[in-house]
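Undergrad: Dropping in my_file-v1.cif, with mmCIF, N, CA and C atoms.
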```
data_input
#
loop_
_atom_site.label_atom_id
_atom_site.label_comp_id
_atom_site.auth_asym_id
_atom_site.auth_seq_id
_atom_site.Cartn_x
_atom_site.Cartn_y
_atom_site.Cartn_z
N MET A 9 0.82 -1.20 0.00
CA MET A 9 0.00 0.00 0.00
C MET A 9 0.86 1.26 0.00
N GLU A 10 2.03 1.17 0.65
CA GLU A 10 2.89 2.35 0.68
C GLU A 10 3.35 2.73 -0.72
N LEU A 11 3.59 1.75 -1.57
CA LEU A 11 4.06 2.03 -2.93
C LEU A 11 2.95 2.52 -3.84
N LEU A 12 1.75 1.98 -3.67
CA LEU A 12 0.67 2.24 -4.62
C LEU A 12 -0.56 2.89 -4.00
N GLY A 13 -0.50 3.23 -2.73
CA GLY A 13 -1.68 3.70 -2.04
C GLY A 13 -2.06 5.15 -2.29
N ASP A 14 -1.23 5.90 -2.98
CA ASP A 14 -1.59 7.29 -3.25
C ASP A 14 -2.57 7.34 -4.44
N ARG A 15 -3.08 8.49 -4.68
CA ARG A 15 -4.11 8.67 -5.70
C ARG A 15 -3.60 8.45 -7.12
N TRP A 16 -2.32 8.70 -7.38
CA TRP A 16 -1.85 8.80 -8.75
C TRP A 16 -1.03 7.63 -9.26
N SER A 17 -0.36 6.89 -8.41
CA SER A 17 0.55 5.85 -8.89
C SER A 17 -0.14 4.81 -9.76
N LEU A 18 -1.30 4.32 -9.34
CA LEU A 18 -2.02 3.32 -10.13
C LEU A 18 -2.52 3.91 -11.45
N VAL A 19 -2.90 5.17 -11.44
CA VAL A 19 -3.35 5.83 -12.67
C VAL A 19 -2.19 5.91 -13.67
N ILE A 20 -1.02 6.27 -13.19
CA ILE A 20 0.15 6.37 -14.06
C ILE A 20 0.51 4.98 -14.59
N LEU A 21 0.57 4.00 -13.72
CA LEU A 21 0.89 2.64 -14.17
C LEU A 21 -0.15 2.13 -15.17
N ARG A 22 -1.41 2.42 -14.92
CA ARG A 22 -2.47 2.04 -15.86
C ARG A 22 -2.22 2.67 -17.23
N ASP A 23 -1.91 3.96 -17.24
CA ASP A 23 -1.72 4.65 -18.52
C ASP A 23 -0.47 4.17 -19.26
N VAL A 24 0.57 3.81 -18.53
CA VAL A 24 1.76 3.26 -19.17
C VAL A 24 1.46 1.86 -19.71
N ALA A 25 0.84 1.03 -18.89
CA ALA A 25 0.61 -0.36 -19.25
C ALA A 25 -0.48 -0.54 -20.31
N PHE A 26 -1.58 0.17 -20.20
CA PHE A 26 -2.72 -0.09 -21.06
C PHE A 26 -2.88 0.90 -22.22
N CYS A 27 -2.33 2.09 -22.07
CA CYS A 27 -2.50 3.12 -23.11
C CYS A 27 -1.20 3.43 -23.84
N ASP A 28 -0.11 2.84 -23.38
CA ASP A 28 1.22 3.05 -23.95
C ASP A 28 1.63 4.53 -23.92
N HIS A 29 1.20 5.24 -22.90
CA HIS A 29 1.66 6.61 -22.70
C HIS A 29 3.00 6.50 -21.99
N ARG A 30 4.06 6.90 -22.68
CA ARG A 30 5.39 6.60 -22.17
C ARG A 30 6.22 7.85 -21.89
N SER A 31 5.79 9.01 -22.33
CA SER A 31 6.54 10.24 -22.06
C SER A 31 5.79 11.08 -21.03
N PHE A 32 6.51 11.99 -20.41
CA PHE A 32 5.91 12.89 -19.44
C PHE A 32 4.73 13.63 -20.09
N ARG A 33 4.94 14.15 -21.28
CA ARG A 33 3.89 14.93 -21.96
C ARG A 33 2.66 14.07 -22.24
N GLU A 34 2.85 12.85 -22.72
CA GLU A 34 1.70 11.97 -22.97
C GLU A 34 0.94 11.68 -21.68
N LEU A 35 1.67 11.38 -20.64
CA LEU A 35 1.02 11.09 -19.36
C LEU A 35 0.27 12.29 -18.82
N LEU A 36 0.82 13.46 -19.03
CA LEU A 36 0.19 14.69 -18.55
C LEU A 36 -1.05 15.05 -19.36
N THR A 37 -0.93 15.05 -20.67
CA THR A 37 -2.03 15.56 -21.50
C THR A 37 -3.13 14.53 -21.75
N ALA A 38 -2.80 13.25 -21.70
CA ALA A 38 -3.81 12.22 -21.99
C ALA A 38 -4.53 11.73 -20.74
N SER A 39 -4.11 12.16 -19.58
CA SER A 39 -4.73 11.70 -18.34
C SER A 39 -6.14 12.28 -18.22
N ARG A 40 -7.11 11.40 -18.11
CA ARG A 40 -8.50 11.86 -17.91
C ARG A 40 -8.69 12.46 -16.53
N GLU A 41 -7.82 12.07 -15.61
CA GLU A 41 -7.96 12.51 -14.22
C GLU A 41 -7.37 13.89 -13.96
N GLY A 42 -6.57 14.41 -14.87
CA GLY A 42 -6.06 15.77 -14.73
C GLY A 42 -4.95 15.94 -13.71
N ILE A 43 -3.96 15.10 -13.73
CA ILE A 43 -2.82 15.23 -12.81
C ILE A 43 -2.03 16.49 -13.12
N SER A 44 -1.54 17.16 -12.09
CA SER A 44 -0.75 18.38 -12.30
C SER A 44 0.68 18.01 -12.67
N PRO A 45 1.39 18.87 -13.39
CA PRO A 45 2.78 18.57 -13.75
C PRO A 45 3.69 18.28 -12.55
N PRO A 46 3.64 19.08 -11.47
CA PRO A 46 4.52 18.76 -10.34
C PRO A 46 4.19 17.40 -9.71
N MET A 47 2.91 17.06 -9.60
CA MET A 47 2.53 15.79 -9.02
C MET A 47 2.98 14.64 -9.92
N LEU A 48 2.79 14.78 -11.22
CA LEU A 48 3.23 13.75 -12.16
C LEU A 48 4.73 13.55 -12.05
N SER A 49 5.46 14.61 -11.99
CA SER A 49 6.92 14.52 -11.87
C SER A 49 7.32 13.76 -10.60
N ARG A 50 6.71 14.12 -9.48
CA ARG A 50 7.02 13.44 -8.21
C ARG A 50 6.67 11.96 -8.26
N ARG A 51 5.50 11.64 -8.79
CA ARG A 51 5.07 10.24 -8.82
C ARG A 51 5.92 9.42 -9.78
N LEU A 52 6.27 9.98 -10.93
CA LEU A 52 7.14 9.26 -11.85
C LEU A 52 8.49 8.97 -11.20
N SER A 53 9.05 9.97 -10.53
CA SER A 53 10.32 9.76 -9.83
C SER A 53 10.19 8.67 -8.79
N GLN A 54 9.09 8.68 -8.06
CA GLN A 54 8.85 7.67 -7.03
C GLN A 54 8.71 6.28 -7.65
N LEU A 55 8.00 6.16 -8.76
CA LEU A 55 7.81 4.86 -9.41
C LEU A 55 9.13 4.33 -9.98
N VAL A 56 9.98 5.24 -10.44
CA VAL A 56 11.31 4.82 -10.90
C VAL A 56 12.15 4.39 -9.70
N GLU A 57 12.10 5.18 -8.64
CA GLU A 57 12.88 4.87 -7.43
C GLU A 57 12.48 3.52 -6.82
N THR A 58 11.20 3.20 -6.85
CA THR A 58 10.74 1.94 -6.26
C THR A 58 10.90 0.75 -7.20
N GLY A 59 11.34 1.00 -8.43
CA GLY A 59 11.63 -0.09 -9.34
C GLY A 59 10.46 -0.58 -10.16
N LEU A 60 9.38 0.20 -10.26
CA LEU A 60 8.24 -0.21 -11.09
C LEU A 60 8.34 0.33 -12.51
N LEU A 61 9.08 1.43 -12.68
CA LEU A 61 9.34 2.02 -13.99
C LEU A 61 10.82 2.29 -14.13
N THR A 62 11.26 2.39 -15.38
CA THR A 62 12.58 2.92 -15.68
C THR A 62 12.39 4.12 -16.58
N LYS A 63 13.38 4.99 -16.59
CA LYS A 63 13.34 6.15 -17.49
C LYS A 63 14.55 6.09 -18.39
N GLU A 64 14.28 6.06 -19.67
CA GLU A 64 15.33 6.05 -20.68
C GLU A 64 15.92 7.45 -20.79
N SER A 65 17.21 7.54 -20.76
CA SER A 65 17.86 8.84 -20.92
C SER A 65 17.62 9.37 -22.32
N ALA A 66 17.53 10.69 -22.41
CA ALA A 66 17.31 11.32 -23.71
C ALA A 66 18.12 12.61 -23.75
N PRO A 67 18.55 13.01 -24.94
CA PRO A 67 19.29 14.27 -25.05
C PRO A 67 18.42 15.45 -24.62
N ARG A 68 19.07 16.52 -24.20
CA ARG A 68 18.35 17.73 -23.79
C ARG A 68 17.37 18.17 -24.87
N GLY A 69 16.17 18.48 -24.45
CA GLY A 69 15.14 18.93 -25.38
C GLY A 69 14.27 17.81 -25.94
N ILE A 70 14.62 16.58 -25.63
CA ILE A 70 13.82 15.43 -26.10
C ILE A 70 13.29 14.71 -24.87
N GLN A 71 12.03 14.34 -24.93
CA GLN A 71 11.38 13.68 -23.80
C GLN A 71 11.99 12.31 -23.53
N GLY A 72 12.25 12.02 -22.26
CA GLY A 72 12.65 10.67 -21.87
C GLY A 72 11.45 9.75 -21.97
N ARG A 73 11.71 8.49 -22.07
CA ARG A 73 10.64 7.51 -22.24
C ARG A 73 10.62 6.58 -21.03
N TYR A 74 9.44 6.38 -20.47
CA TYR A 74 9.27 5.52 -19.32
C TYR A 74 8.87 4.13 -19.78
N SER A 75 9.38 3.12 -19.08
CA SER A 75 9.05 1.73 -19.38
C SER A 75 8.75 1.00 -18.08
N LEU A 76 7.89 0.02 -18.19
CA LEU A 76 7.62 -0.85 -17.04
C LEU A 76 8.82 -1.77 -16.81
N THR A 77 9.11 -2.03 -15.57
CA THR A 77 10.08 -3.07 -15.22
C THR A 77 9.31 -4.38 -15.10
N GLU A 78 10.02 -5.46 -14.85
CA GLU A 78 9.33 -6.73 -14.62
C GLU A 78 8.39 -6.61 -13.42
N ALA A 79 8.83 -5.90 -12.38
CA ALA A 79 7.97 -5.71 -11.21
C ALA A 79 6.70 -4.95 -11.60
N GLY A 80 6.84 -3.95 -12.46
CA GLY A 80 5.67 -3.20 -12.93
C GLY A 80 4.74 -4.06 -13.76
N ILE A 81 5.31 -4.92 -14.61
CA ILE A 81 4.51 -5.83 -15.42
C ILE A 81 3.77 -6.82 -14.54
N GLN A 82 4.37 -7.23 -13.44
CA GLN A 82 3.72 -8.17 -12.52
C GLN A 82 2.47 -7.57 -11.88
N LEU A 83 2.32 -6.25 -11.94
CA LEU A 83 1.13 -5.60 -11.38
C LEU A 83 -0.06 -5.61 -12.34
N VAL A 84 0.16 -6.00 -13.58
CA VAL A 84 -0.92 -5.98 -14.58
C VAL A 84 -2.14 -6.78 -14.14
N PRO A 85 -2.00 -8.01 -13.63
CA PRO A 85 -3.21 -8.71 -13.17
C PRO A 85 -3.96 -7.94 -12.07
N LEU A 86 -3.23 -7.27 -11.19
CA LEU A 86 -3.87 -6.45 -10.16
C LEU A 86 -4.64 -5.30 -10.80
N LEU A 87 -4.08 -4.67 -11.81
CA LEU A 87 -4.77 -3.57 -12.48
C LEU A 87 -6.06 -4.06 -13.15
N PHE A 88 -6.00 -5.24 -13.76
CA PHE A 88 -7.22 -5.81 -14.34
C PHE A 88 -8.26 -6.08 -13.24
N GLU A 89 -7.80 -6.62 -12.13
CA GLU A 89 -8.74 -6.94 -11.04
C GLU A 89 -9.35 -5.67 -10.46
N LEU A 90 -8.56 -4.63 -10.30
CA LEU A 90 -9.09 -3.35 -9.81
C LEU A 90 -10.12 -2.79 -10.79
N ALA A 91 -9.85 -2.94 -12.08
CA ALA A 91 -10.81 -2.48 -13.09
C ALA A 91 -12.12 -3.27 -12.99
N ARG A 92 -11.98 -4.58 -12.77
CA ARG A 92 -13.17 -5.44 -12.63
C ARG A 92 -14.01 -5.01 -11.44
N VAL A 93 -13.36 -4.80 -10.31
CA VAL A 93 -14.07 -4.39 -9.09
C VAL A 93 -14.69 -3.01 -9.30
N GLY A 94 -13.96 -2.11 -9.92
CA GLY A 94 -14.51 -0.79 -10.20
C GLY A 94 -15.76 -0.86 -11.06
N HIS A 95 -15.74 -1.75 -12.04
CA HIS A 95 -16.91 -1.91 -12.90
C HIS A 95 -18.09 -2.53 -12.13
N LEU A 96 -17.79 -3.45 -11.21
CA LEU A 96 -18.86 -4.02 -10.38
C LEU A 96 -19.50 -2.95 -9.50
N LEU A 97 -18.67 -2.09 -8.93
CA LEU A 97 -19.18 -1.04 -8.05
C LEU A 97 -19.91 0.05 -8.80
N ASP A 98 -19.43 0.33 -10.01
CA ASP A 98 -20.05 1.37 -10.84
C ASP A 98 -20.06 0.91 -12.29
N PRO A 99 -21.14 0.25 -12.70
CA PRO A 99 -21.22 -0.30 -14.06
C PRO A 99 -21.13 0.76 -15.16
N THR A 100 -21.30 2.03 -14.82
CA THR A 100 -21.20 3.07 -15.84
C THR A 100 -19.76 3.47 -16.13
N THR A 101 -18.83 2.93 -15.35
CA THR A 101 -17.42 3.24 -15.56
C THR A 101 -16.99 2.74 -16.93
N SER A 102 -16.39 3.64 -17.71
CA SER A 102 -15.93 3.22 -19.03
C SER A 102 -14.53 2.62 -18.94
N THR A 103 -14.24 1.72 -19.86
CA THR A 103 -12.93 1.09 -19.88
C THR A 103 -11.88 2.09 -20.34
N THR A 104 -10.68 1.94 -19.84
CA THR A 104 -9.59 2.81 -20.26
C THR A 104 -9.23 2.56 -21.72
N GLU A 105 -9.23 1.33 -22.10
CA GLU A 105 -8.84 0.94 -23.45
C GLU A 105 -9.80 -0.14 -23.95
N PRO A 106 -10.58 0.16 -24.99
CA PRO A 106 -11.58 -0.81 -25.47
C PRO A 106 -11.01 -2.18 -25.81
N ARG A 107 -9.75 -2.25 -26.17
CA ARG A 107 -9.12 -3.53 -26.49
C ARG A 107 -9.29 -4.55 -25.36
N PHE A 108 -9.35 -4.08 -24.14
CA PHE A 108 -9.37 -4.98 -22.99
C PHE A 108 -10.77 -5.28 -22.46
N GLU A 109 -11.77 -4.80 -23.13
CA GLU A 109 -13.15 -5.06 -22.73
C GLU A 109 -13.40 -6.56 -22.63
N GLY A 110 -13.91 -7.01 -21.49
CA GLY A 110 -14.24 -8.41 -21.31
C GLY A 110 -13.07 -9.32 -20.93
N TRP A 111 -11.91 -8.74 -20.66
CA TRP A 111 -10.74 -9.55 -20.30
C TRP A 111 -10.71 -9.91 -18.82
N TYR A 112 -11.58 -9.36 -18.02
CA TYR A 112 -11.57 -9.62 -16.58
C TYR A 112 -11.59 -11.12 -16.32
N GLY A 113 -10.63 -11.60 -15.59
CA GLY A 113 -10.58 -13.00 -15.21
C GLY A 113 -10.02 -13.94 -16.26
N ASP A 114 -9.73 -13.45 -17.45
CA ASP A 114 -9.19 -14.31 -18.51
C ASP A 114 -7.67 -14.33 -18.38
N GLN A 115 -7.18 -15.24 -17.56
CA GLN A 115 -5.75 -15.29 -17.24
C GLN A 115 -4.88 -15.53 -18.47
N ASP A 116 -5.36 -16.30 -19.42
CA ASP A 116 -4.57 -16.55 -20.63
C ASP A 116 -4.32 -15.26 -21.40
N LYS A 117 -5.38 -14.45 -21.59
CA LYS A 117 -5.22 -13.18 -22.30
C LYS A 117 -4.35 -12.21 -21.50
N ILE A 118 -4.55 -12.18 -20.21
CA ILE A 118 -3.77 -11.26 -19.37
C ILE A 118 -2.30 -11.64 -19.39
N HIS A 119 -1.98 -12.92 -19.29
CA HIS A 119 -0.58 -13.35 -19.31
C HIS A 119 0.04 -13.15 -20.69
N ALA A 120 -0.73 -13.34 -21.75
CA ALA A 120 -0.22 -13.07 -23.09
C ALA A 120 0.07 -11.57 -23.24
N TYR A 121 -0.79 -10.73 -22.67
CA TYR A 121 -0.54 -9.29 -22.73
C TYR A 121 0.71 -8.91 -21.93
N MET A 122 0.90 -9.56 -20.80
CA MET A 122 2.12 -9.31 -20.02
C MET A 122 3.36 -9.65 -20.85
N ASP A 123 3.29 -10.70 -21.66
CA ASP A 123 4.41 -11.04 -22.54
C ASP A 123 4.62 -9.95 -23.60
N GLU A 124 3.52 -9.40 -24.13
CA GLU A 124 3.63 -8.27 -25.08
C GLU A 124 4.34 -7.09 -24.41
N LEU A 125 3.96 -6.81 -23.17
CA LEU A 125 4.59 -5.71 -22.45
C LEU A 125 6.08 -5.98 -22.23
N ARG A 126 6.43 -7.21 -21.93
CA ARG A 126 7.86 -7.56 -21.78
C ARG A 126 8.60 -7.27 -23.08
N ASP A 127 8.01 -7.62 -24.21
CA ASP A 127 8.66 -7.38 -25.51
C ASP A 127 8.85 -5.88 -25.77
N SER A 128 7.87 -5.08 -25.41
CA SER A 128 7.96 -3.65 -25.75
C SER A 128 8.63 -2.81 -24.65
N HIS A 129 8.67 -3.27 -23.42
CA HIS A 129 9.21 -2.47 -22.34
C HIS A 129 10.57 -2.93 -21.85
N LEU A 130 10.87 -4.20 -21.96
CA LEU A 130 12.11 -4.72 -21.39
C LEU A 130 13.22 -4.91 -22.41
N THR A 131 12.94 -4.67 -23.68
CA THR A 131 13.98 -4.86 -24.71
C THR A 131 14.58 -3.56 -25.16
#
```
As a first step, turn the structure in this file into structure tokens.
TA:
Amino acid sequence: MELLGDRWSLVILRDVAFCDHRSFRELLTASREGISPPMLSRRLSQLVETGLLTKESAPRGIQGRYSLTEAGIQLVPLLFELARVGHLLDPTTSTTEPRFEGWYGDQDKIHAYMDELRDSHLT
């Protein structure tokens, strides 16, 4: 809970994992929740520090790119489960990414997606 119990960490991880928002600007402008730039900066630093994300170095003037670590990828089933519970509590909640509609509880699809994330984030 200490790592993920704040308001923003799960939102950021969700957007990196499910929406492929990988730069500071993408995470800031595409967030439906409206995170502020200073808060996003602090949370990204914290997620990198705790080992859930890495930040690729970039030359000055070019956005660095964030990637999930293996530990971050291991949280994907939890994110699906939280989405499932959220939908149970509020059926009007829209999915973050239509591609994943109906995946709740489908471990084969979730594990295959985790492998996709490994290919795109760990290489």
Undergrad: Contacts of range 85-99 of chain A at 8 Å or less, counting all atoms listed in the file, minus same-chain residues fewer than 2 places along, as a ChimeraX atom specification?
TA: /A:18,21-22,80-83,101-103,111-113,118-119,122
Undergrad: Exactly which residues make up the result of the PyMOL selection byres (((chain A and resi 53-56 and name CA) around 10) and name CA) on this file, given as number ranges by chain?
TA: A: 11-12, 17-18, 20-21, 47-52, 57-63, 74-77, 80
Undergrad: Could you write out the selected residues, including N, CA and C atoms, as a short mmCIF file (atom, residue, chain, number, x, y, z; two decimals), in the frame of the given file?
TA:
```
data_model
loop_
_atom_site.label_atom_id
_atom_site.label_comp_id
_atom_site.auth_asym_id
_atom_site.auth_seq_id
_atom_site.Cartn_x
_atom_site.Cartn_y
_atom_site.Cartn_z
N LEU A 11 3.59 1.75 -1.57
CA LEU A 11 4.06 2.03 -2.93
C LEU A 11 2.95 2.52 -3.84
N LEU A 12 1.75 1.98 -3.67
CA LEU A 12 0.67 2.24 -4.62
C LEU A 12 -0.56 2.89 -4.00
N SER A 17 -0.36 6.89 -8.41
CA SER A 17 0.55 5.85 -8.89
C SER A 17 -0.14 4.81 -9.76
N LEU A 18 -1.30 4.32 -9.34
CA LEU A 18 -2.02 3.32 -10.13
C LEU A 18 -2.52 3.91 -11.45
N ILE A 20 -1.02 6.27 -13.19
CA ILE A 20 0.15 6.37 -14.06
C ILE A 20 0.51 4.98 -14.59
N LEU A 21 0.57 4.00 -13.72
CA LEU A 21 0.89 2.64 -14.17
C LEU A 21 -0.15 2.13 -15.17
N MET A 47 2.91 17.06 -9.60
CA MET A 47 2.53 15.79 -9.02
C MET A 47 2.98 14.64 -9.92
N LEU A 48 2.79 14.78 -11.22
CA LEU A 48 3.23 13.75 -12.16
C LEU A 48 4.73 13.55 -12.05
N SER A 49 5.46 14.61 -11.99
CA SER A 49 6.92 14.52 -11.87
C SER A 49 7.32 13.76 -10.60
N ARG A 50 6.71 14.12 -9.48
CA ARG A 50 7.02 13.44 -8.21
C ARG A 50 6.67 11.96 -8.26
N ARG A 51 5.50 11.64 -8.79
CA ARG A 51 5.07 10.24 -8.82
C ARG A 51 5.92 9.42 -9.78
N LEU A 52 6.27 9.98 -10.93
CA LEU A 52 7.14 9.26 -11.85
C LEU A 52 8.49 8.97 -11.20
N GLU A 57 12.10 5.18 -8.64
CA GLU A 57 12.88 4.87 -7.43
C GLU A 57 12.48 3.52 -6.82
N THR A 58 11.20 3.20 -6.85
CA THR A 58 10.74 1.94 -6.26
C THR A 58 10.90 0.75 -7.20
N GLY A 59 11.34 1.00 -8.43
CA GLY A 59 11.63 -0.09 -9.34
C GLY A 59 10.46 -0.58 -10.16
N LEU A 60 9.38 0.20 -10.26
CA LEU A 60 8.24 -0.21 -11.09
C LEU A 60 8.34 0.33 -12.51
N LEU A 61 9.08 1.43 -12.68
CA LEU A 61 9.34 2.02 -13.99
C LEU A 61 10.82 2.29 -14.13
N THR A 62 11.26 2.39 -15.38
CA THR A 62 12.58 2.92 -15.68
C THR A 62 12.39 4.12 -16.58
N LYS A 63 13.38 4.99 -16.59
CA LYS A 63 13.34 6.15 -17.49
C LYS A 63 14.55 6.09 -18.39
N TYR A 74 9.44 6.38 -20.47
CA TYR A 74 9.27 5.52 -19.32
C TYR A 74 8.87 4.13 -19.78
N SER A 75 9.38 3.12 -19.08
CA SER A 75 9.05 1.73 -19.38
C SER A 75 8.75 1.00 -18.08
N LEU A 76 7.89 0.02 -18.19
CA LEU A 76 7.62 -0.85 -17.04
C LEU A 76 8.82 -1.77 -16.81
N THR A 77 9.11 -2.03 -15.57
CA THR A 77 10.08 -3.07 -15.22
C THR A 77 9.31 -4.38 -15.10
N GLY A 80 6.84 -3.95 -12.46
CA GLY A 80 5.67 -3.20 -12.93
C GLY A 80 4.74 -4.06 -13.76
#
```
Undergrad: Quick one: of A:Glu105, A:Gly13, A:Thr100, A:Arg73, who's nearest to Cys27 in chain A, counting all atoms listed in the file?
TA: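 For Cys27 in chain A, the nearest of the given residues is A:Glu105.
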Undergrad: So the first atom is CA of Arg15 in chain A and the second is atom C of Thr131 in chain A; what is the distance between them in Å, to one decimal place?
TA: 29.6 Å
Undergrad: What does the distance between CA of Glu124 in chain A and CA of Glu41 in chain A come to in Å, to one decimal place?
TA: 26.2 Å
Undergrad: Just list as a PDB file with N, CA and C atoms, in the coordinates of the input whatever in range 75-116 of chain A DSSP marks as alpha helix (DSSP H).
TA:
```pdb
ATOM      1  N   GLU A  78      10.020  -5.460 -14.850  1.00  0.00           N
ATOM      2  CA  GLU A  78       9.330  -6.730 -14.620  1.00  0.00           C
ATOM      3  C   GLU A  78       8.390  -6.610 -13.420  1.00  0.00           C
ATOM      4  N   ALA A  79       8.830  -5.900 -12.380  1.00  0.00           N
ATOM      5  CA  ALA A  79       7.970  -5.710 -11.210  1.00  0.00           C
ATOM      6  C   ALA A  79       6.700  -4.950 -11.600  1.00  0.00           C
ATOM      7  N   GLY A  80       6.840  -3.950 -12.460  1.00  0.00           N
ATOM      8  CA  GLY A  80       5.670  -3.200 -12.930  1.00  0.00           C
ATOM      9  C   GLY A  80       4.740  -4.060 -13.760  1.00  0.00           C
ATOM     10  N   ILE A  81       5.310  -4.920 -14.610  1.00  0.00           N
ATOM     11  CA  ILE A  81       4.510  -5.830 -15.420  1.00  0.00           C
ATOM     12  C   ILE A  81       3.770  -6.820 -14.540  1.00  0.00           C
ATOM     13  N   VAL A  84       0.160  -6.000 -13.580  1.00  0.00           N
ATOM     14  CA  VAL A  84      -0.920  -5.980 -14.580  1.00  0.00           C
ATOM     15  C   VAL A  84      -2.140  -6.780 -14.140  1.00  0.00           C
ATOM     16  N   PRO A  85      -2.000  -8.010 -13.630  1.00  0.00           N
ATOM     17  CA  PRO A  85      -3.210  -8.710 -13.170  1.00  0.00           C
ATOM     18  C   PRO A  85      -3.960  -7.940 -12.070  1.00  0.00           C
ATOM     19  N   LEU A  86      -3.230  -7.270 -11.190  1.00  0.00           N
ATOM     20  CA  LEU A  86      -3.870  -6.450 -10.160  1.00  0.00           C
ATOM     21  C   LEU A  86      -4.640  -5.300 -10.800  1.00  0.00           C
ATOM     22  N   LEU A  87      -4.080  -4.670 -11.810  1.00  0.00           N
ATOM     23  CA  LEU A  87      -4.770  -3.570 -12.480  1.00  0.00           C
ATOM     24  C   LEU A  87      -6.060  -4.060 -13.150  1.00  0.00           C
ATOM     25  N   PHE A  88      -6.000  -5.240 -13.760  1.00  0.00           N
ATOM     26  CA  PHE A  88      -7.220  -5.810 -14.340  1.00  0.00           C
ATOM     27  C   PHE A  88      -8.260  -6.080 -13.240  1.00  0.00           C
ATOM     28  N   GLU A  89      -7.800  -6.620 -12.130  1.00  0.00           N
ATOM     29  CA  GLU A  89      -8.740  -6.940 -11.040  1.00  0.00           C
ATOM     30  C   GLU A  89      -9.350  -5.670 -10.460  1.00  0.00           C
ATOM     31  N   LEU A  90      -8.560  -4.630 -10.300  1.00  0.00           N
ATOM     32  CA  LEU A  90      -9.090  -3.350  -9.810  1.00  0.00           C
ATOM     33  C   LEU A  90     -10.120  -2.790 -10.790  1.00  0.00           C
ATOM     34  N   ALA A  91      -9.850  -2.940 -12.080  1.00  0.00           N
ATOM     35  CA  ALA A  91     -10.810  -2.480 -13.090  1.00  0.00           C
ATOM     36  C   ALA A  91     -12.120  -3.270 -12.990  1.00  0.00           C
ATOM     37  N   ARG A  92     -11.980  -4.580 -12.770  1.00  0.00           N
ATOM     38  CA  ARG A  92     -13.170  -5.440 -12.630  1.00  0.00           C
ATOM     39  C   ARG A  92     -14.010  -5.010 -11.440  1.00  0.00           C
ATOM     40  N   VAL A  93     -13.360  -4.800 -10.310  1.00  0.00           N
ATOM     41  CA  VAL A  93     -14.070  -4.390  -9.090  1.00  0.00           C
ATOM     42  C   VAL A  93     -14.690  -3.010  -9.300  1.00  0.00           C
ATOM     43  N   GLY A  94     -13.960  -2.110  -9.920  1.00  0.00           N
ATOM     44  CA  GLY A  94     -14.510  -0.790 -10.200  1.00  0.00           C
ATOM     45  C   GLY A  94     -15.760  -0.860 -11.060  1.00  0.00           C
ATOM     46  N   HIS A  95     -15.740  -1.750 -12.040  1.00  0.00           N
ATOM     47  CA  HIS A  95     -16.910  -1.910 -12.900  1.00  0.00           C
ATOM     48  C   HIS A  95     -18.090  -2.530 -12.130  1.00  0.00           C
ATOM     49  N   LEU A  96     -17.790  -3.450 -11.210  1.00  0.00           N
ATOM     50  CA  LEU A  96     -18.860  -4.020 -10.380  1.00  0.00           C
ATOM     51  C   LEU A  96     -19.500  -2.950  -9.500  1.00  0.00           C
ATOM     52  N   LEU A  97     -18.670  -2.090  -8.930  1.00  0.00           N
ATOM     53  CA  LEU A  97     -19.180  -1.040  -8.050  1.00  0.00           C
ATOM     54  C   LEU A  97     -19.910   0.050  -8.800  1.00  0.00           C
ATOM     55  N   GLN A 115      -7.180 -15.240 -17.560  1.00  0.00           N
ATOM     56  CA  GLN A 115      -5.750 -15.290 -17.240  1.00  0.00           C
ATOM     57  C   GLN A 115      -4.880 -15.530 -18.470  1.00  0.00           C
ATOM     58  N   ASP A 116      -5.360 -16.300 -19.420  1.00  0.00           N
ATOM     59  CA  ASP A 116      -4.570 -16.550 -20.630  1.00  0.00           C
ATOM     60  C   ASP A 116      -4.320 -15.260 -21.400  1.00  0.00           C
TER      61      ASP A 116
END
```
Undergrad: To one decimal place in Å, what is the distance between atom C of Ser65 in chain A and atom N of Asp127 in chain A?
TA: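 Value for the atom C of Ser65 in chain A-atom N of Asp127 in chain A distance: 19.6 Å.
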Undergrad: With DSSP run on the backbone, what are the strand (DSSP E or B) residues within chain A? I'd like them as a ChimeraX atom specification.
TA: /A:31,61-64,73-76
Undergrad: The centre and edge lengths of an axis-aligned box containing all atoms of range 39-50 of chain A present in the file, extended by 5 Å on each side, are to be given in Å to one decimal, as JSON.
TA:
```
{"center_x": -0.7, "center_y": 15.2, "center_z": -13.9, "size_x": 26.0, "size_y": 17.7, "size_z": 21.4}
```
Undergrad: I need the residue set behind the PyMOL selection byres ((chain A and resi 33-40) around 8) for this file; please write it as a ChimeraX atom specification.
TA: /A:19-20,23-24,28-32,41-45,48,71-72
Undergrad: Generate a file for range 37-41 of chain A, containing N, CA, C and O atoms, as a PDB file, in the first residue's frame.
TA:
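For reference, result_23.pdb as written:
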```
ATOM      1  N   THR A  37      -0.933  15.048 -20.667  1.00  0.00           N
ATOM      2  CA  THR A  37      -2.031  15.560 -21.500  1.00  0.00           C
ATOM      3  C   THR A  37      -3.126  14.532 -21.751  1.00  0.00           C
ATOM      4  O   THR A  37      -4.272  14.904 -21.982  1.00  0.00           O
ATOM      5  N   ALA A  38      -2.802  13.252 -21.696  1.00  0.00           N
ATOM      6  CA  ALA A  38      -3.811  12.224 -21.988  1.00  0.00           C
ATOM      7  C   ALA A  38      -4.530  11.732 -20.740  1.00  0.00           C
ATOM      8  O   ALA A  38      -5.490  10.974 -20.852  1.00  0.00           O
ATOM      9  N   SER A  39      -4.107  12.159 -19.583  1.00  0.00           N
ATOM     10  CA  SER A  39      -4.730  11.703 -18.344  1.00  0.00           C
ATOM     11  C   SER A  39      -6.138  12.281 -18.217  1.00  0.00           C
ATOM     12  O   SER A  39      -6.316  13.501 -18.213  1.00  0.00           O
ATOM     13  N   ARG A  40      -7.113  11.403 -18.108  1.00  0.00           N
ATOM     14  CA  ARG A  40      -8.505  11.859 -17.909  1.00  0.00           C
ATOM     15  C   ARG A  40      -8.690  12.458 -16.526  1.00  0.00           C
ATOM     16  O   ARG A  40      -9.598  13.233 -16.288  1.00  0.00           O
ATOM     17  N   GLU A  41      -7.818  12.071 -15.609  1.00  0.00           N
ATOM     18  CA  GLU A  41      -7.964  12.511 -14.221  1.00  0.00           C
ATOM     19  C   GLU A  41      -7.371  13.886 -13.958  1.00  0.00           C
ATOM     20  O   GLU A  41      -7.615  14.468 -12.915  1.00  0.00           O
TER      21      GLU A  41
END
```
